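Participant: Structure below; questions to follow.
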Amino acid sequence: MSDAKNFYITTAIDYPNSRPHIGTAFEKIGADVQARFRRMEGSRVHFLMGNDENTIKVSQRAEALGMEPKPYVDDMARQFREVWAALEISNDDFIQTSEERHFIGCQKFISKVNEAGDIYKKSYTGLYCNGCEAFKTEKEIVDGRCPNHPNAPLREVEEENYFFRLSAFRERLLAHYQANPDFIQPESRRNEIVNLVEGGLQDISISRKGFTWGIPVPFDPDQTIYVWFDALLNYITAIGYGTDEARFESIWPADVHVIGKDITRFHCALWPAMLMSASLPLPKQVFGHGFVYNKEGGKVSKSSGTAIDPAEYVKLHGAEAFRYYFMKECPFGGDGSFSEERFIEVYNSDLANNLGNLYSRTLSMCVKYFDGQLEGSASVDKTAWLAGLDLAGLIEDLRNKVGTFEYNLALQRIWQEVLGAANRYIDATAPFKLAKTDLDACKNVLINLAEAVRVSAILTKPFLPSTAETFYRAFNFEESQGWESVSYADAAQPISLELKVTAPLESGKPRPLFPKIEA
């Protein structure tokens, strides 16, 4: 696929001061759906994730555990990778900011910005939020607290640090927003950042004095590079900036940074200004997703003490159910909520009774009535199950919705119109009754249902990769087209194939994909 288009997608890198929670998992799943979809569309995808390790929080946590920072962050990186693998996240790279490639790239970048005249040194006194690892201006403080970490009091810090001339980039940033209206998405985030920048920007501290854990400022070893000026650079150091320039130039700029709405100002104002200073291209888009709240309306986060370990849910109910819940129930560009009760309700209704039921009913009848061999299926019209649905038009709309992160709307259409059509077709034709009176008619119905299984597999592939593959391998569809190469467009083209059941069976029946949860 030498002519394939590159697609570079990143997520925010995470503080490894504790294990991942469902809020960070929400982000990673959303980015993974996009990466998988773009691969299906034929793009050469590079999907980056990682951990933000050069922070005060991390060194404090390591010290509390009686460890040196490096062994601590390496072990946390292992734990994070295990959680992401359990959730079927398909990232191509995982960067730790304590790696040499990041050190080299950071020092090259800050030197370049310094040479451009955009860095200066001064004494500074300000209110510092440990949770954000950032100084807060008066405009950002609510009732004397950081709105993102209201339980942690701000502390006054006085230091002599290096500063980045962010204020000098106001007009260039506004011009970029105007010329590139899709640079910040969704629209609500764009409006917030435009208003912020129009109101004026303050220069930002980019170093701290007296810390041994972190990356030294190359032109002043007494200072370490401050967390945001360090962390944001992972997007370029991971792909070769400072260490493999040819690779860097072949991948950069990023097509989309997927980040939480609470850090949009860093990604949409500070980050592009840094790149402008260093004369590097800007990312094409920053997508700020919403938060996950609990049923009481509180944000699910480490700092609020409401973190929920996704690994525990995966052990109980599997990764696919976890992925489906968050992509269906939580609008990716907005906010969503999570509760045990709602999770069980969605699981039983959408996965056990709908998706899983279509699979088990179709295969069970094929095996029971035809011993799994649907002879003559190559020549049968396979569109009867659609009942007037414009499948090609639906697929085009789904491509647009998935490509713009409207995952919940895409899944609603798949469940209501595709799976709904298949299950209504079973009810209308009653193949279990036809088997007693008209075997040929029964077989034609089951051939149509096999096609519905194939279409469902393709359309759910970015969201439920394992379940979708199980659907596809339920019949011998791979004899016509390999699973790895199917695209959304292929779902609209019925295949000509003599169908047979190829799914593993137990006592002549398929294993239930989603056993119902008893509340």
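In the structure tokens, the first chain shown is A, the next is B, and so on; residue numbers restart at 1 for each chain, and ligands run from 1 in the order shown.
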Skipping near chain neighbours, those fewer than 6 positions away, what residues fall within 10 Å of Asp32 (chain A) using only C-alpha atoms, listed as an mmCIF file with C-alpha atoms, in the first residue's frame?

Facilitator:
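part_5.cif, written as the output of this step:
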```cif
data_model
loop_
_atom_site.group_PDB
_atom_site.id
_atom_site.type_symbol
_atom_site.label_atom_id
_atom_site.label_comp_id
_atom_site.auth_asym_id
_atom_site.auth_seq_id
_atom_site.Cartn_x
_atom_site.Cartn_y
_atom_site.Cartn_z
ATOM 1 C CA ILE A 9 -3.224 10.305 15.577
ATOM 2 C CA THR A 10 -2.188 10.873 19.188
ATOM 3 C CA THR A 11 -3.758 10.897 22.634
ATOM 4 C CA PHE A 26 -12.630 6.806 27.396
ATOM 5 C CA ARG A 38 -8.782 5.060 9.202
ATOM 6 C CA PHE A 47 -1.195 5.850 16.531
ATOM 7 C CA LEU A 87 -8.989 -2.819 26.125
ATOM 8 C CA GLU A 88 -7.797 -3.770 22.615
ATOM 9 C CA ILE A 89 -6.132 -0.410 22.001
ATOM 10 C CA SER A 90 -4.168 -0.693 18.749
ATOM 11 C CA ASN A 91 -1.485 1.963 19.295
ATOM 12 C CA PRO A 462 -13.692 -0.139 14.664
ATOM 13 C CA PHE A 463 -15.792 -0.313 17.842
#
```

Participant: Quick one: pick out all alpha helix (DSSP H) residues within region 40-283 of chain A from a backbone DSSP run and write them as a ChimeraX atom specification.

Facilitator: /A:40,56-64,69-86,100-115,170-179,187-198,227-231,234-237,245-251,264-265,271-277

Participant: How would the residues just picked look written out with C-alpha atoms as a PDB file, in the first residue's frame?

Facilitator:
```pdb
ATOM      1  CA  MET A  40     -10.156   0.377   7.182  1.00  0.00           C
ATOM      2  CA  ILE A  56       6.803  16.577  40.337  1.00  0.00           C
ATOM      3  CA  LYS A  57       3.830  14.267  40.980  1.00  0.00           C
ATOM      4  CA  VAL A  58       5.762  11.300  39.665  1.00  0.00           C
ATOM      5  CA  SER A  59       8.915  11.967  41.669  1.00  0.00           C
ATOM      6  CA  GLN A  60       6.827  12.494  44.814  1.00  0.00           C
ATOM      7  CA  ARG A  61       4.931   9.246  44.257  1.00  0.00           C
ATOM      8  CA  ALA A  62       8.154   7.315  43.668  1.00  0.00           C
ATOM      9  CA  GLU A  63       9.669   8.775  46.827  1.00  0.00           C
ATOM     10  CA  ALA A  64       6.571   7.837  48.841  1.00  0.00           C
ATOM     11  CA  PRO A  69      11.816   7.666  39.727  1.00  0.00           C
ATOM     12  CA  LYS A  70      13.067   5.701  36.701  1.00  0.00           C
ATOM     13  CA  PRO A  71      12.263   2.175  37.981  1.00  0.00           C
ATOM     14  CA  TYR A  72       8.920   3.527  39.179  1.00  0.00           C
ATOM     15  CA  VAL A  73       7.908   5.036  35.814  1.00  0.00           C
ATOM     16  CA  ASP A  74       9.071   1.943  33.930  1.00  0.00           C
ATOM     17  CA  ASP A  75       6.868  -0.274  36.073  1.00  0.00           C
ATOM     18  CA  MET A  76       3.915   2.091  35.677  1.00  0.00           C
ATOM     19  CA  ALA A  77       4.436   2.118  31.918  1.00  0.00           C
ATOM     20  CA  ARG A  78       4.178  -1.668  31.992  1.00  0.00           C
ATOM     21  CA  GLN A  79       0.907  -1.444  33.923  1.00  0.00           C
ATOM     22  CA  PHE A  80      -0.536   1.155  31.566  1.00  0.00           C
ATOM     23  CA  ARG A  81       0.384  -0.917  28.524  1.00  0.00           C
ATOM     24  CA  GLU A  82      -1.285  -3.960  30.049  1.00  0.00           C
ATOM     25  CA  VAL A  83      -4.532  -2.040  30.623  1.00  0.00           C
ATOM     26  CA  TRP A  84      -4.517  -0.620  27.084  1.00  0.00           C
ATOM     27  CA  ALA A  85      -3.828  -4.055  25.602  1.00  0.00           C
ATOM     28  CA  ALA A  86      -6.716  -5.513  27.618  1.00  0.00           C
ATOM     29  CA  GLU A 100      16.523   9.212  25.503  1.00  0.00           C
ATOM     30  CA  ARG A 101      14.719   9.998  22.231  1.00  0.00           C
ATOM     31  CA  HIS A 102      12.519  12.441  24.132  1.00  0.00           C
ATOM     32  CA  PHE A 103      15.443  14.040  26.004  1.00  0.00           C
ATOM     33  CA  ILE A 104      17.348  14.660  22.765  1.00  0.00           C
ATOM     34  CA  GLY A 105      14.338  16.085  20.936  1.00  0.00           C
ATOM     35  CA  CYS A 106      13.312  18.342  23.837  1.00  0.00           C
ATOM     36  CA  GLN A 107      16.757  19.869  24.188  1.00  0.00           C
ATOM     37  CA  LYS A 108      16.982  20.488  20.449  1.00  0.00           C
ATOM     38  CA  PHE A 109      13.545  22.115  20.411  1.00  0.00           C
ATOM     39  CA  ILE A 110      14.054  24.458  23.369  1.00  0.00           C
ATOM     40  CA  SER A 111      17.409  25.522  21.926  1.00  0.00           C
ATOM     41  CA  LYS A 112      15.735  26.376  18.633  1.00  0.00           C
ATOM     42  CA  VAL A 113      13.017  28.431  20.348  1.00  0.00           C
ATOM     43  CA  ASN A 114      15.682  30.181  22.403  1.00  0.00           C
ATOM     44  CA  GLU A 115      17.635  31.025  19.247  1.00  0.00           C
ATOM     45  CA  ARG A 170      -1.847  36.241  19.808  1.00  0.00           C
ATOM     46  CA  GLU A 171      -2.416  37.591  16.299  1.00  0.00           C
ATOM     47  CA  ARG A 172      -0.780  34.651  14.537  1.00  0.00           C
ATOM     48  CA  LEU A 173      -2.896  32.202  16.523  1.00  0.00           C
ATOM     49  CA  LEU A 174      -6.142  34.064  15.786  1.00  0.00           C
ATOM     50  CA  ALA A 175      -5.231  34.202  12.100  1.00  0.00           C
ATOM     51  CA  HIS A 176      -4.624  30.456  12.113  1.00  0.00           C
ATOM     52  CA  TYR A 177      -7.973  29.747  13.787  1.00  0.00           C
ATOM     53  CA  GLN A 178      -9.752  31.884  11.204  1.00  0.00           C
ATOM     54  CA  ALA A 179      -7.959  30.316   8.245  1.00  0.00           C
ATOM     55  CA  GLU A 187     -17.102  23.828  17.758  1.00  0.00           C
ATOM     56  CA  SER A 188     -17.722  24.522  21.453  1.00  0.00           C
ATOM     57  CA  ARG A 189     -14.019  24.030  22.208  1.00  0.00           C
ATOM     58  CA  ARG A 190     -13.070  26.303  19.325  1.00  0.00           C
ATOM     59  CA  ASN A 191     -15.229  29.110  20.687  1.00  0.00           C
ATOM     60  CA  GLU A 192     -13.644  28.771  24.136  1.00  0.00           C
ATOM     61  CA  ILE A 193     -10.101  29.015  22.794  1.00  0.00           C
ATOM     62  CA  VAL A 194     -10.846  31.894  20.417  1.00  0.00           C
ATOM     63  CA  ASN A 195     -12.336  33.858  23.316  1.00  0.00           C
ATOM     64  CA  LEU A 196      -9.361  33.001  25.503  1.00  0.00           C
ATOM     65  CA  VAL A 197      -6.797  34.146  22.954  1.00  0.00           C
ATOM     66  CA  GLU A 198      -8.757  37.248  21.986  1.00  0.00           C
ATOM     67  CA  VAL A 227       6.179  19.901  32.364  1.00  0.00           C
ATOM     68  CA  TRP A 228       4.027  21.370  29.575  1.00  0.00           C
ATOM     69  CA  PHE A 229       6.927  22.552  27.431  1.00  0.00           C
ATOM     70  CA  ASP A 230       8.332  19.060  27.880  1.00  0.00           C
ATOM     71  CA  ALA A 231       5.163  16.955  27.626  1.00  0.00           C
ATOM     72  CA  ASN A 234       6.249  13.947  22.835  1.00  0.00           C
ATOM     73  CA  TYR A 235       4.154  14.270  19.679  1.00  0.00           C
ATOM     74  CA  ILE A 236       7.279  15.080  17.658  1.00  0.00           C
ATOM     75  CA  THR A 237      10.075  13.384  19.635  1.00  0.00           C
ATOM     76  CA  GLU A 245      14.626  13.749  10.905  1.00  0.00           C
ATOM     77  CA  ALA A 246      13.663  11.813   7.753  1.00  0.00           C
ATOM     78  CA  ARG A 247      11.118   9.774   9.687  1.00  0.00           C
ATOM     79  CA  PHE A 248       9.826  12.862  11.448  1.00  0.00           C
ATOM     80  CA  GLU A 249       9.262  14.694   8.173  1.00  0.00           C
ATOM     81  CA  SER A 250       7.479  11.662   6.691  1.00  0.00           C
ATOM     82  CA  ILE A 251       4.901  11.528   9.523  1.00  0.00           C
ATOM     83  CA  THR A 264      -7.332  22.393  25.201  1.00  0.00           C
ATOM     84  CA  ARG A 265      -5.665  25.712  26.004  1.00  0.00           C
ATOM     85  CA  TRP A 271       1.481  24.118  21.475  1.00  0.00           C
ATOM     86  CA  PRO A 272       0.859  25.847  18.125  1.00  0.00           C
ATOM     87  CA  ALA A 273       2.762  28.920  19.351  1.00  0.00           C
ATOM     88  CA  MET A 274       5.711  26.698  20.289  1.00  0.00           C
ATOM     89  CA  LEU A 275       5.666  25.122  16.826  1.00  0.00           C
ATOM     90  CA  MET A 276       5.428  28.534  15.163  1.00  0.00           C
ATOM     91  CA  SER A 277       8.481  29.667  17.118  1.00  0.00           C
TER      92      SER A 277
END
```

Participant: If I take CA of Leu459 (chain A) and CA of Glu518 (chain A), how far is one from the other in Å, to one decimal?

Facilitator: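 These two atoms are separated by 28.6 Å.
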
Participant: Excluding Glu451 (chain A) and residues on its chain fewer than 2 positions from it, collect all residues at most 9 Å away from it, counting only C-alpha atoms, and give them as a VMD selection string.

Facilitator: chain A and resid 382 to 383 385 446 to 449 453 to 456 494 to 495

Participant: Which of these residues is nearest to Phe291 (chain A), using only C-alpha atoms: A:His267, A:Lys261, A:Arg342, A:Arg424?

Facilitator: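 Closest to Phe291 (chain A) of all the choices is A:Lys261.
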